[in-house]
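In what follows, a structure is listed as structure tokens, so that the remarks can point back to it.
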Amino acid sequence: MKILVTGGAGYIGSHTVRQLVKTGADVTVLDSMVYGHPAAIVDPEVKLVKGDLGDPSVVYPLLLQGNFDAVVHFAAFINVGESVTDPLKYYENNIAKPLVLLRAMITAGCKRFVFSSTCATYGVPTQIPIPETEKQDPINPYGGSKLMLEKVCKDCDRAYGLKSVFLRYFNASGCSEDGLIGEDHEPETHLIPNILLAVKGERPVIEVYGTDYDTPDGTCIRDYIHVDDLADAHLRAVDYLVKGGETNWFNLGTGLGLSVREIIDAAEKVTGKKVPVTYGPRREGDPPRLIADARKAKDVLGWEARCKDAFHIVDTAWKWMTGPHGGHF
Ligand SMILES: NC(=O)c1ccc[n+]([C@@H]2O[C@H](COP(=O)([O-])OP(=O)(O)OC[C@H]3O[C@@H](n4cnc5c(N)ncnc54)[C@H](O)[C@@H]3O)[C@@H](O)[C@H]2O)c1
Ligand SMILES: O=c1ccn([C@@H]2O[C@H](COP(=O)(O)OP(=O)(O)O[C@H]3O[C@H](CO)[C@H](O)[C@H](O)[C@H]3O)[C@@H](O)[C@H]2O)c(=O)[nH]1
């Protein structure tokens with residue numbers, strides 16, 4: 001199969017590219033490299049096109065000549081806080097630019113699209129765990145941009161027969177088992193890498209955002225899903241579409257909630273070191289609890305999180321931080 005992966009030089013994209021290559025797929029990556037890393041693509045047979053998905057002079061020739069069976073779309077901006085202060089950056093990159101990609105796909109007759117959505121499309125949920133039937137009411141422009149692209153894809157199905165799968169990830173975490181690739185965002189806002197950077201002395205401390213939530217230890221609860229489990233779901237989503245599946249959407253999480261404090265405890269066990277912690281106020285826009293009901297992904301895609309262990313997730317992230325790249329490409 002011929003697969004185009006946008007954003008394949010980023011964190012989740014690069015892990016998925018490795019798994020796609022293992023299945024024998026012929027993979028082309030389109031990445032602007034604004035936040036991606038060429039070294040995150042470790043398989044020499046992968047073709048890397050450096051370009052912007054909103055640039056028709058790149059995207060049209062690529063789609064028209066590529067004869068792709070499917071497009072797996074990771075490329076987006078991902079910083080929730082920045083989306084509040086600069087929403088246009090997010091609406092442009094996460095909505096307007098994918099329109100160019102989608103138009104090129106339709107023109108080229110490529111009608112299978114798998115795309116990275118997020119639990120942020122639910123905003124503050126009314127039920128835990130969160131099923132896909134929960135009302136989507138995002139509380140920041142990042143989540144809003146992902147919900148809008150979901151709507152665009154549904155309209156493209158009705159109008160052009162484009163079949164899409166939206167994968168609504170909960171908290172992507174961990175790194176490849178061999179420590180060869182991993183999470184290297186700049187700036188890094190995510191909890192687990194920031195804890196480990198603090199252990200390594202690359203940050204002075206980790207600040208816990210809020211200790212007064214209505215949770216057992218007062219800190220926020222999230223559903224941390226291993227990046228290789230996410231990658232596996234993309235392979236299954238492509239397969240589902242190739243077999244004639246209709247446009248559909250799935251939560252991807254473990255179904256288990258872990259507090260910020262529990263993640264810090266796991267990091268102390270993994271590293272054998274004390275995590276330098278300060279306690280600060282709540283971060284604006286953080287829902288207290290986000291946990292996936294991922295039964296639909298199991299029923300339809302046969303997907304289930306294999307890793308349900310905070311220790312293992314943090315351990316793989318620590319392998320990356322202390323491996324040959326030292327956590328930075
Ligand atoms: N990390 C998470 O916890 C999480 C959670 C839910 C959803 N997601 C979604 O998953 C996807 C991947 O996230 P990630 O953590 O791997 O991010 P990342 O920043 O590591 O990867 C995104 C990649 O897309 C590229 N890119 C961005 N805009 C582009 C453009 N216009 N043209 C071409 N390339 C472009 C970047 O250079 C980067 O390599 C994103 O769509 C994100 O919204 C991530
Ligand atoms: O330095 C930090 C960083 C995070 N946290 C806390 O740790 C938890 C996880 O925070 P992350 O920033 O790692 O992840 P988010 O839950 O904010 O964000 C993730 O889920 C979002 C959906 O809500 C988006 O999809 C986003 O891309 C994805 O990274 C939150 O309770 C946050 O308050 C801290 O206490 N200190």
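Ligands are numbered from 1 in the order shown, residues from 1 within each chain, and chains are lettered A, B, ... in the order they appear in the structure tokens.
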Please build the interface table for range 157-216 of chain A against range 113-126 of chain A with a cut-off of 6 Å, listing for each qualifying residue the nearest atom pair and the distance in Å to one decimal; count only C-alpha atoms, order rows by chain and increasing number, and write it as a Markdown table.
| residue | atom | partner | partner_atom | distance |
| --- | --- | --- | --- | --- |
| A:Ser164 | CA | A:Phe113 | CA | 4.6 |
| A:Val165 | CA | A:Val114 | CA | 4.7 |
| A:Phe166 | CA | A:Phe115 | CA | 5.1 |
| A:Leu167 | CA | A:Ser117 | CA | 5.3 |
| A:Arg168 | CA | A:Thr118 | CA | 4.0 |
| A:Tyr169 | CA | A:Thr118 | CA | 4.7 |
| A:Phe170 | CA | A:Cys119 | CA | 5.4 |
What's the 10 Å shell around Arg158 in chain A, counting only C-alpha atoms, without same-chain residues fewer than 5 positions away, as a ChimeraX atom specification? /A:153,163,247
Selected residues, C-alpha atoms, written as an mmCIF file, in the first residue's frame, please.
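As a result, again19.cif now contains:
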data_model
loop_
_atom_site.group_PDB
_atom_site.id
_atom_site.type_symbol
_atom_site.label_atom_id
_atom_site.label_comp_id
_atom_site.auth_asym_id
_atom_site.auth_seq_id
_atom_site.Cartn_x
_atom_site.Cartn_y
_atom_site.Cartn_z
ATOM 1 C CA CYS A 153 -14.515 15.759 6.434
ATOM 2 C CA LYS A 163 -14.085 8.383 3.655
ATOM 3 C CA THR A 247 -16.545 7.676 7.787
#
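Using only C-alpha atoms and all ligand atoms, the smallest distance between any of A:Ile41, A:Val72, A:Met321, A:Ile291 and ligand 2 comes from A:Ile291.
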Could you list, with a cut-off of 6 Å and counting only C-alpha atoms and all ligand atoms, the residues of chain A near ligand 2, each shown with its nearest atom pair and the distance in Å rounded to one decimal, rows sorted by chain and ascending number, as JSON lines?
{"residue": "A:Ile78", "atom": "CA", "partner": "ligand 2", "partner_atom_place_in_ligand_line": "27 (O)", "distance": 5.1}
{"residue": "A:Thr118", "atom": "CA", "partner": "ligand 2", "partner_atom_place_in_ligand_line": "25 (O)", "distance": 4.8}
{"residue": "A:Cys119", "atom": "CA", "partner": "ligand 2", "partner_atom_place_in_ligand_line": "22 (C)", "distance": 5.0}
{"residue": "A:Ala120", "atom": "CA", "partner": "ligand 2", "partner_atom_place_in_ligand_line": "22 (C)", "distance": 3.9}
{"residue": "A:Phe170", "atom": "CA", "partner": "ligand 2", "partner_atom_place_in_ligand_line": "20 (O)", "distance": 5.8}
{"residue": "A:Asn171", "atom": "CA", "partner": "ligand 2", "partner_atom_place_in_ligand_line": "19 (C)", "distance": 4.9}
{"residue": "A:Thr189", "atom": "CA", "partner": "ligand 2", "partner_atom_place_in_ligand_line": "12 (O)", "distance": 5.2}
{"residue": "A:His190", "atom": "CA", "partner": "ligand 2", "partner_atom_place_in_ligand_line": "13 (O)", "distance": 3.3}
{"residue": "A:Leu191", "atom": "CA", "partner": "ligand 2", "partner_atom_place_in_ligand_line": "13 (O)", "distance": 3.8}
{"residue": "A:Asn194", "atom": "CA", "partner": "ligand 2", "partner_atom_place_in_ligand_line": "1 (O)", "distance": 6.0}
{"residue": "A:Ile206", "atom": "CA", "partner": "ligand 2", "partner_atom_place_in_ligand_line": "1 (O)", "distance": 5.5}
{"residue": "A:Glu207", "atom": "CA", "partner": "ligand 2", "partner_atom_place_in_ligand_line": "36 (N)", "distance": 5.0}
{"residue": "A:Val208", "atom": "CA", "partner": "ligand 2", "partner_atom_place_in_ligand_line": "35 (O)", "distance": 3.5}
{"residue": "A:Tyr209", "atom": "CA", "partner": "ligand 2", "partner_atom_place_in_ligand_line": "35 (O)", "distance": 3.9}
{"residue": "A:Cys220", "atom": "CA", "partner": "ligand 2", "partner_atom_place_in_ligand_line": "31 (O)", "distance": 4.3}
{"residue": "A:Val260", "atom": "CA", "partner": "ligand 2", "partner_atom_place_in_ligand_line": "7 (O)", "distance": 5.5}
{"residue": "A:Arg283", "atom": "CA", "partner": "ligand 2", "partner_atom_place_in_ligand_line": "33 (O)", "distance": 5.8}
{"residue": "A:Asp286", "atom": "CA", "partner": "ligand 2", "partner_atom_place_in_ligand_line": "33 (O)", "distance": 5.9}
Keeping only N, CA and C atoms, write the selected residues to a file as a PDB file, in the first residue's frame.
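That gives us again15.pdb:
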ATOM      1  N   ILE A  78      -0.023  22.272  17.843  1.00  0.00           N
ATOM      2  CA  ILE A  78      -0.583  21.459  18.933  1.00  0.00           C
ATOM      3  C   ILE A  78      -0.613  22.145  20.304  1.00  0.00           C
ATOM      4  N   THR A 118      -8.771  14.958  18.683  1.00  0.00           N
ATOM      5  CA  THR A 118      -8.344  15.050  20.078  1.00  0.00           C
ATOM      6  C   THR A 118      -9.526  15.036  21.033  1.00  0.00           C
ATOM      7  N   CYS A 119      -9.248  14.614  22.260  1.00  0.00           N
ATOM      8  CA  CYS A 119     -10.280  14.708  23.300  1.00  0.00           C
ATOM      9  C   CYS A 119     -10.594  16.166  23.619  1.00  0.00           C
ATOM     10  N   ALA A 120      -9.724  17.093  23.173  1.00  0.00           N
ATOM     11  CA  ALA A 120     -10.001  18.525  23.403  1.00  0.00           C
ATOM     12  C   ALA A 120     -11.252  18.982  22.647  1.00  0.00           C
ATOM     13  N   PHE A 170      -6.394  10.793  23.500  1.00  0.00           N
ATOM     14  CA  PHE A 170      -6.304  11.407  24.816  1.00  0.00           C
ATOM     15  C   PHE A 170      -4.834  11.834  24.978  1.00  0.00           C
ATOM     16  N   ASN A 171      -4.138  11.577  26.088  1.00  0.00           N
ATOM     17  CA  ASN A 171      -2.795  12.166  26.223  1.00  0.00           C
ATOM     18  C   ASN A 171      -1.712  11.251  25.654  1.00  0.00           C
ATOM     19  N   THR A 189       5.498  21.400  26.337  1.00  0.00           N
ATOM     20  CA  THR A 189       4.488  21.768  27.344  1.00  0.00           C
ATOM     21  C   THR A 189       3.959  20.537  28.073  1.00  0.00           C
ATOM     22  N   HIS A 190       4.231  19.339  27.553  1.00  0.00           N
ATOM     23  CA  HIS A 190       3.594  18.129  28.084  1.00  0.00           C
ATOM     24  C   HIS A 190       4.218  17.670  29.399  1.00  0.00           C
ATOM     25  N   LEU A 191       3.383  17.056  30.208  1.00  0.00           N
ATOM     26  CA  LEU A 191       3.772  16.721  31.580  1.00  0.00           C
ATOM     27  C   LEU A 191       4.965  15.774  31.658  1.00  0.00           C
ATOM     28  N   ASN A 194       8.389  16.996  30.526  1.00  0.00           N
ATOM     29  CA  ASN A 194       8.864  18.086  31.396  1.00  0.00           C
ATOM     30  C   ASN A 194       9.307  17.578  32.760  1.00  0.00           C
ATOM     31  N   ILE A 206       9.563  20.940  37.902  1.00  0.00           N
ATOM     32  CA  ILE A 206       8.265  20.766  37.241  1.00  0.00           C
ATOM     33  C   ILE A 206       7.238  21.466  38.138  1.00  0.00           C
ATOM     34  N   GLU A 207       6.438  22.309  37.493  1.00  0.00           N
ATOM     35  CA  GLU A 207       5.383  22.984  38.257  1.00  0.00           C
ATOM     36  C   GLU A 207       4.094  22.189  38.107  1.00  0.00           C
ATOM     37  N   VAL A 208       3.491  21.819  39.215  1.00  0.00           N
ATOM     38  CA  VAL A 208       2.199  21.130  39.180  1.00  0.00           C
ATOM     39  C   VAL A 208       1.116  22.199  39.099  1.00  0.00           C
ATOM     40  N   TYR A 209       0.317  22.117  38.032  1.00  0.00           N
ATOM     41  CA  TYR A 209      -0.697  23.149  37.820  1.00  0.00           C
ATOM     42  C   TYR A 209      -1.976  22.820  38.590  1.00  0.00           C
ATOM     43  N   CYS A 220      -4.856  17.122  38.586  1.00  0.00           N
ATOM     44  CA  CYS A 220      -5.670  16.743  37.412  1.00  0.00           C
ATOM     45  C   CYS A 220      -5.459  15.285  37.018  1.00  0.00           C
ATOM     46  N   VAL A 260      -1.606  13.865  38.094  1.00  0.00           N
ATOM     47  CA  VAL A 260      -0.262  14.444  37.915  1.00  0.00           C
ATOM     48  C   VAL A 260       0.668  13.880  38.996  1.00  0.00           C
ATOM     49  N   ARG A 283      -3.773  25.732  35.594  1.00  0.00           N
ATOM     50  CA  ARG A 283      -3.543  26.277  34.254  1.00  0.00           C
ATOM     51  C   ARG A 283      -4.914  26.505  33.622  1.00  0.00           C
ATOM     52  N   ASP A 286      -7.757  23.805  31.804  1.00  0.00           N
ATOM     53  CA  ASP A 286      -7.502  22.383  32.101  1.00  0.00           C
ATOM     54  C   ASP A 286      -8.739  21.749  32.737  1.00  0.00           C
TER      55      ASP A 286
END
With the cut-off set at 8 Å and counting only C-alpha atoms and all ligand atoms, tabulate each residue of chain A with an atom at most that distance from an atom of ligand 1, showing the nearest atom pair and its distance in Å to one decimal, ordered by chain and increasing number, as CSV.
residue,atom,partner,partner_atom_place_in_ligand_line,distance
A:Thr6,CA,ligand 1,34 (N),6.0
A:Gly7,CA,ligand 1,24 (O),3.4
A:Gly8,CA,ligand 1,39 (O),6.1
A:Ala9,CA,ligand 1,39 (O),4.4
A:Gly10,CA,ligand 1,21 (O),3.4
A:Tyr11,CA,ligand 1,16 (O),3.6
A:Ile12,CA,ligand 1,16 (O),3.8
A:Gly13,CA,ligand 1,16 (O),5.4
A:Ser14,CA,ligand 1,16 (O),7.6
A:Leu30,CA,ligand 1,33 (C),6.0
A:Asp31,CA,ligand 1,34 (N),3.7
A:Ser32,CA,ligand 1,33 (C),4.0
A:Met33,CA,ligand 1,37 (O),3.9
A:Val34,CA,ligand 1,37 (O),4.1
A:Tyr35,CA,ligand 1,37 (O),3.7
A:Gly36,CA,ligand 1,39 (O),3.0
A:His37,CA,ligand 1,39 (O),6.5
A:Lys50,CA,ligand 1,33 (C),7.7
A:Gly51,CA,ligand 1,33 (C),5.9
A:Asp52,CA,ligand 1,32 (N),3.6
A:Leu53,CA,ligand 1,32 (N),4.1
A:Gly54,CA,ligand 1,31 (N),5.9
A:His73,CA,ligand 1,41 (O),7.1
A:Phe74,CA,ligand 1,11 (C),4.2
A:Ala75,CA,ligand 1,24 (O),3.4
A:Ala76,CA,ligand 1,27 (C),4.2
A:Phe77,CA,ligand 1,27 (C),5.5
A:Ile78,CA,ligand 1,43 (O),4.7
A:Asn93,CA,ligand 1,31 (N),5.3
A:Asn94,CA,ligand 1,31 (N),7.5
A:Lys97,CA,ligand 1,31 (N),6.3
A:Pro98,CA,ligand 1,31 (N),7.8
A:Phe115,CA,ligand 1,41 (O),7.4
A:Ser116,CA,ligand 1,10 (O),4.8
A:Ser117,CA,ligand 1,7 (C),5.3
A:Thr118,CA,ligand 1,6 (C),4.2
A:Cys119,CA,ligand 1,6 (C),6.6
A:Ala120,CA,ligand 1,6 (C),7.4
A:Tyr142,CA,ligand 1,43 (O),7.8
A:Lys146,CA,ligand 1,43 (O),7.5
A:Arg168,CA,ligand 1,6 (C),6.6
A:Tyr169,CA,ligand 1,6 (C),4.5
A:Phe170,CA,ligand 1,5 (C),5.7
A:Asn171,CA,ligand 1,3 (O),4.4
A:Ala172,CA,ligand 1,3 (O),3.9
A:Ser173,CA,ligand 1,3 (O),6.7
A:Glu183,CA,ligand 1,20 (O),7.0
A:Asp184,CA,ligand 1,20 (O),7.1
A:His185,CA,ligand 1,20 (O),6.0
A:His190,CA,ligand 1,3 (O),7.5
Identify, on the basis of only C-alpha atoms, every residue whose closest approach to Val277 in chain A does not exceed 10 Å; exclude the query and any residue fewer than 3 positions from it along the same chain; express the result as a compact mmCIF listing (two decimals) with C-alpha atoms, in the first residue's frame.
# COMPACT_ATOMS: atom_id res chain seq x y z
CA ILE A 195 9.10 15.94 34.53
CA ALA A 198 13.54 18.43 35.37
CA VAL A 199 15.10 15.18 36.62
CA PRO A 204 14.85 23.79 37.12
CA VAL A 205 11.60 22.17 38.35
CA ILE A 206 8.27 20.77 37.24
CA GLU A 207 5.38 22.98 38.26
CA VAL A 208 2.20 21.13 39.18
CA ILE A 264 5.50 12.15 39.27
CA LYS A 274 13.67 12.78 43.33
CA GLY A 280 1.41 26.44 41.31
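Closest approach to Asp212 in chain A among A:Lys296, A:Pro187, A:Pro288, A:Asp55: A:Pro288, based on only C-alpha atoms.
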Any chance you could list, as a PyMOL selection string, the residues in range 257-289 of chain A that come up alpha helix (DSSP H) when DSSP is run on the backbone? chain A and resi 260-271
List the neighbours of range 58-63 of chain A out to 6 Å using only C-alpha atoms; skip same-chain residues closer than 2 positions along the sequence, and give me the result as a list in words. Asp55, Pro56, Gln65, Gly66, Ala104 and Ala108 of chain A
According to DSSP computed on the backbone, where in range 14-203 of chain A is there strand (DSSP E)? Give the residues as a PyMOL selection string. chain A and resi 26-31+47-50+70-73+112-118+163-169+171-173
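Restricting the calculation to only C-alpha atoms, the smallest distance between Asp315 in chain A and any of A:Arg203, A:His328, A:His15, A:His226 is found for A:His226.
Here the question is which of A:Glu132, A:Asp228, A:Glu268, A:Glu188 gets nearest to Ala297 in chain A using only C-alpha atoms, and that residue is A:Glu132.
The shortest atom-to-atom distance to Gly109 in chain A, with only C-alpha atoms taken into account, belongs to A:Asp69 out of A:Asp217, A:Glu82, A:Glu246, A:Asp69.
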With a distance cut-off of 12 Å and only C-alpha atoms, select the neighbouring residues of Pro44 in chain A, excluding the residue or stretch itself and same-chain residues fewer than 2 positions from it, and output the selection as a PDB file with N, CA and C atoms, in the first residue's frame.
ATOM      1  N   VAL A  17       4.994   6.066  11.277  1.00  0.00           N
ATOM      2  CA  VAL A  17       5.742   5.749  10.054  1.00  0.00           C
ATOM      3  C   VAL A  17       6.535   4.457  10.255  1.00  0.00           C
ATOM      4  N   ARG A  18       7.173   4.317  11.403  1.00  0.00           N
ATOM      5  CA  ARG A  18       7.959   3.091  11.641  1.00  0.00           C
ATOM      6  C   ARG A  18       7.073   1.850  11.579  1.00  0.00           C
ATOM      7  N   VAL A  21       6.002   1.091   7.950  1.00  0.00           N
ATOM      8  CA  VAL A  21       7.103   0.487   7.184  1.00  0.00           C
ATOM      9  C   VAL A  21       7.210  -1.004   7.521  1.00  0.00           C
ATOM     10  N   ASP A  26       4.526   1.389   1.476  1.00  0.00           N
ATOM     11  CA  ASP A  26       5.408   2.325   0.782  1.00  0.00           C
ATOM     12  C   ASP A  26       5.024   3.720   1.299  1.00  0.00           C
ATOM     13  N   VAL A  27       5.897   4.320   2.119  1.00  0.00           N
ATOM     14  CA  VAL A  27       5.504   5.518   2.866  1.00  0.00           C
ATOM     15  C   VAL A  27       6.218   6.765   2.347  1.00  0.00           C
ATOM     16  N   THR A  28       5.428   7.819   2.114  1.00  0.00           N
ATOM     17  CA  THR A  28       5.976   9.143   1.811  1.00  0.00           C
ATOM     18  C   THR A  28       5.557  10.081   2.933  1.00  0.00           C
ATOM     19  N   VAL A  29       6.499  10.852   3.440  1.00  0.00           N
ATOM     20  CA  VAL A  29       6.197  11.824   4.497  1.00  0.00           C
ATOM     21  C   VAL A  29       6.215  13.226   3.895  1.00  0.00           C
ATOM     22  N   PRO A  38      14.133  15.637  10.756  1.00  0.00           N
ATOM     23  CA  PRO A  38      14.466  14.628   9.742  1.00  0.00           C
ATOM     24  C   PRO A  38      14.962  13.332  10.387  1.00  0.00           C
ATOM     25  N   ALA A  39      15.702  13.444  11.485  1.00  0.00           N
ATOM     26  CA  ALA A  39      16.269  12.246  12.126  1.00  0.00           C
ATOM     27  C   ALA A  39      15.205  11.367  12.773  1.00  0.00           C
ATOM     28  N   ALA A  40      13.972  11.883  12.896  1.00  0.00           N
ATOM     29  CA  ALA A  40      12.899  11.061  13.469  1.00  0.00           C
ATOM     30  C   ALA A  40      12.425  10.017  12.472  1.00  0.00           C
ATOM     31  N   ILE A  41      12.842  10.167  11.208  1.00  0.00           N
ATOM     32  CA  ILE A  41      12.485   9.161  10.200  1.00  0.00           C
ATOM     33  C   ILE A  41      13.692   8.247  10.044  1.00  0.00           C
ATOM     34  N   VAL A  42      13.586   7.068  10.648  1.00  0.00           N
ATOM     35  CA  VAL A  42      14.762   6.215  10.747  1.00  0.00           C
ATOM     36  C   VAL A  42      14.877   5.197   9.606  1.00  0.00           C
ATOM     37  N   VAL A  46      11.814   5.373   3.458  1.00  0.00           N
ATOM     38  CA  VAL A  46      10.739   6.379   3.510  1.00  0.00           C
ATOM     39  C   VAL A  46      11.155   7.610   2.707  1.00  0.00           C
ATOM     40  N   LYS A  47      10.245   8.065   1.823  1.00  0.00           N
ATOM     41  CA  LYS A  47      10.546   9.282   1.046  1.00  0.00           C
ATOM     42  C   LYS A  47      10.100  10.490   1.860  1.00  0.00           C
ATOM     43  N   LEU A  48      10.985  11.450   1.999  1.00  0.00           N
ATOM     44  CA  LEU A  48      10.662  12.644   2.779  1.00  0.00           C
ATOM     45  C   LEU A  48      10.530  13.846   1.854  1.00  0.00           C
TER      46      LEU A  48
END
Which one is closest to Met105 in chain A: A:Val270, A:Leu4, A:Leu241, A:Ile139? Count only C-alpha atoms. A:Leu4
Fewer than 5 positions away in the same chain doesn't count, so skip those; otherwise give me all residues within 10 Å of Ile225 in chain A, counting only C-alpha atoms, as an MDAnalysis selection string. chainID A and resid 169:174 230 252:256 292 305:310 313
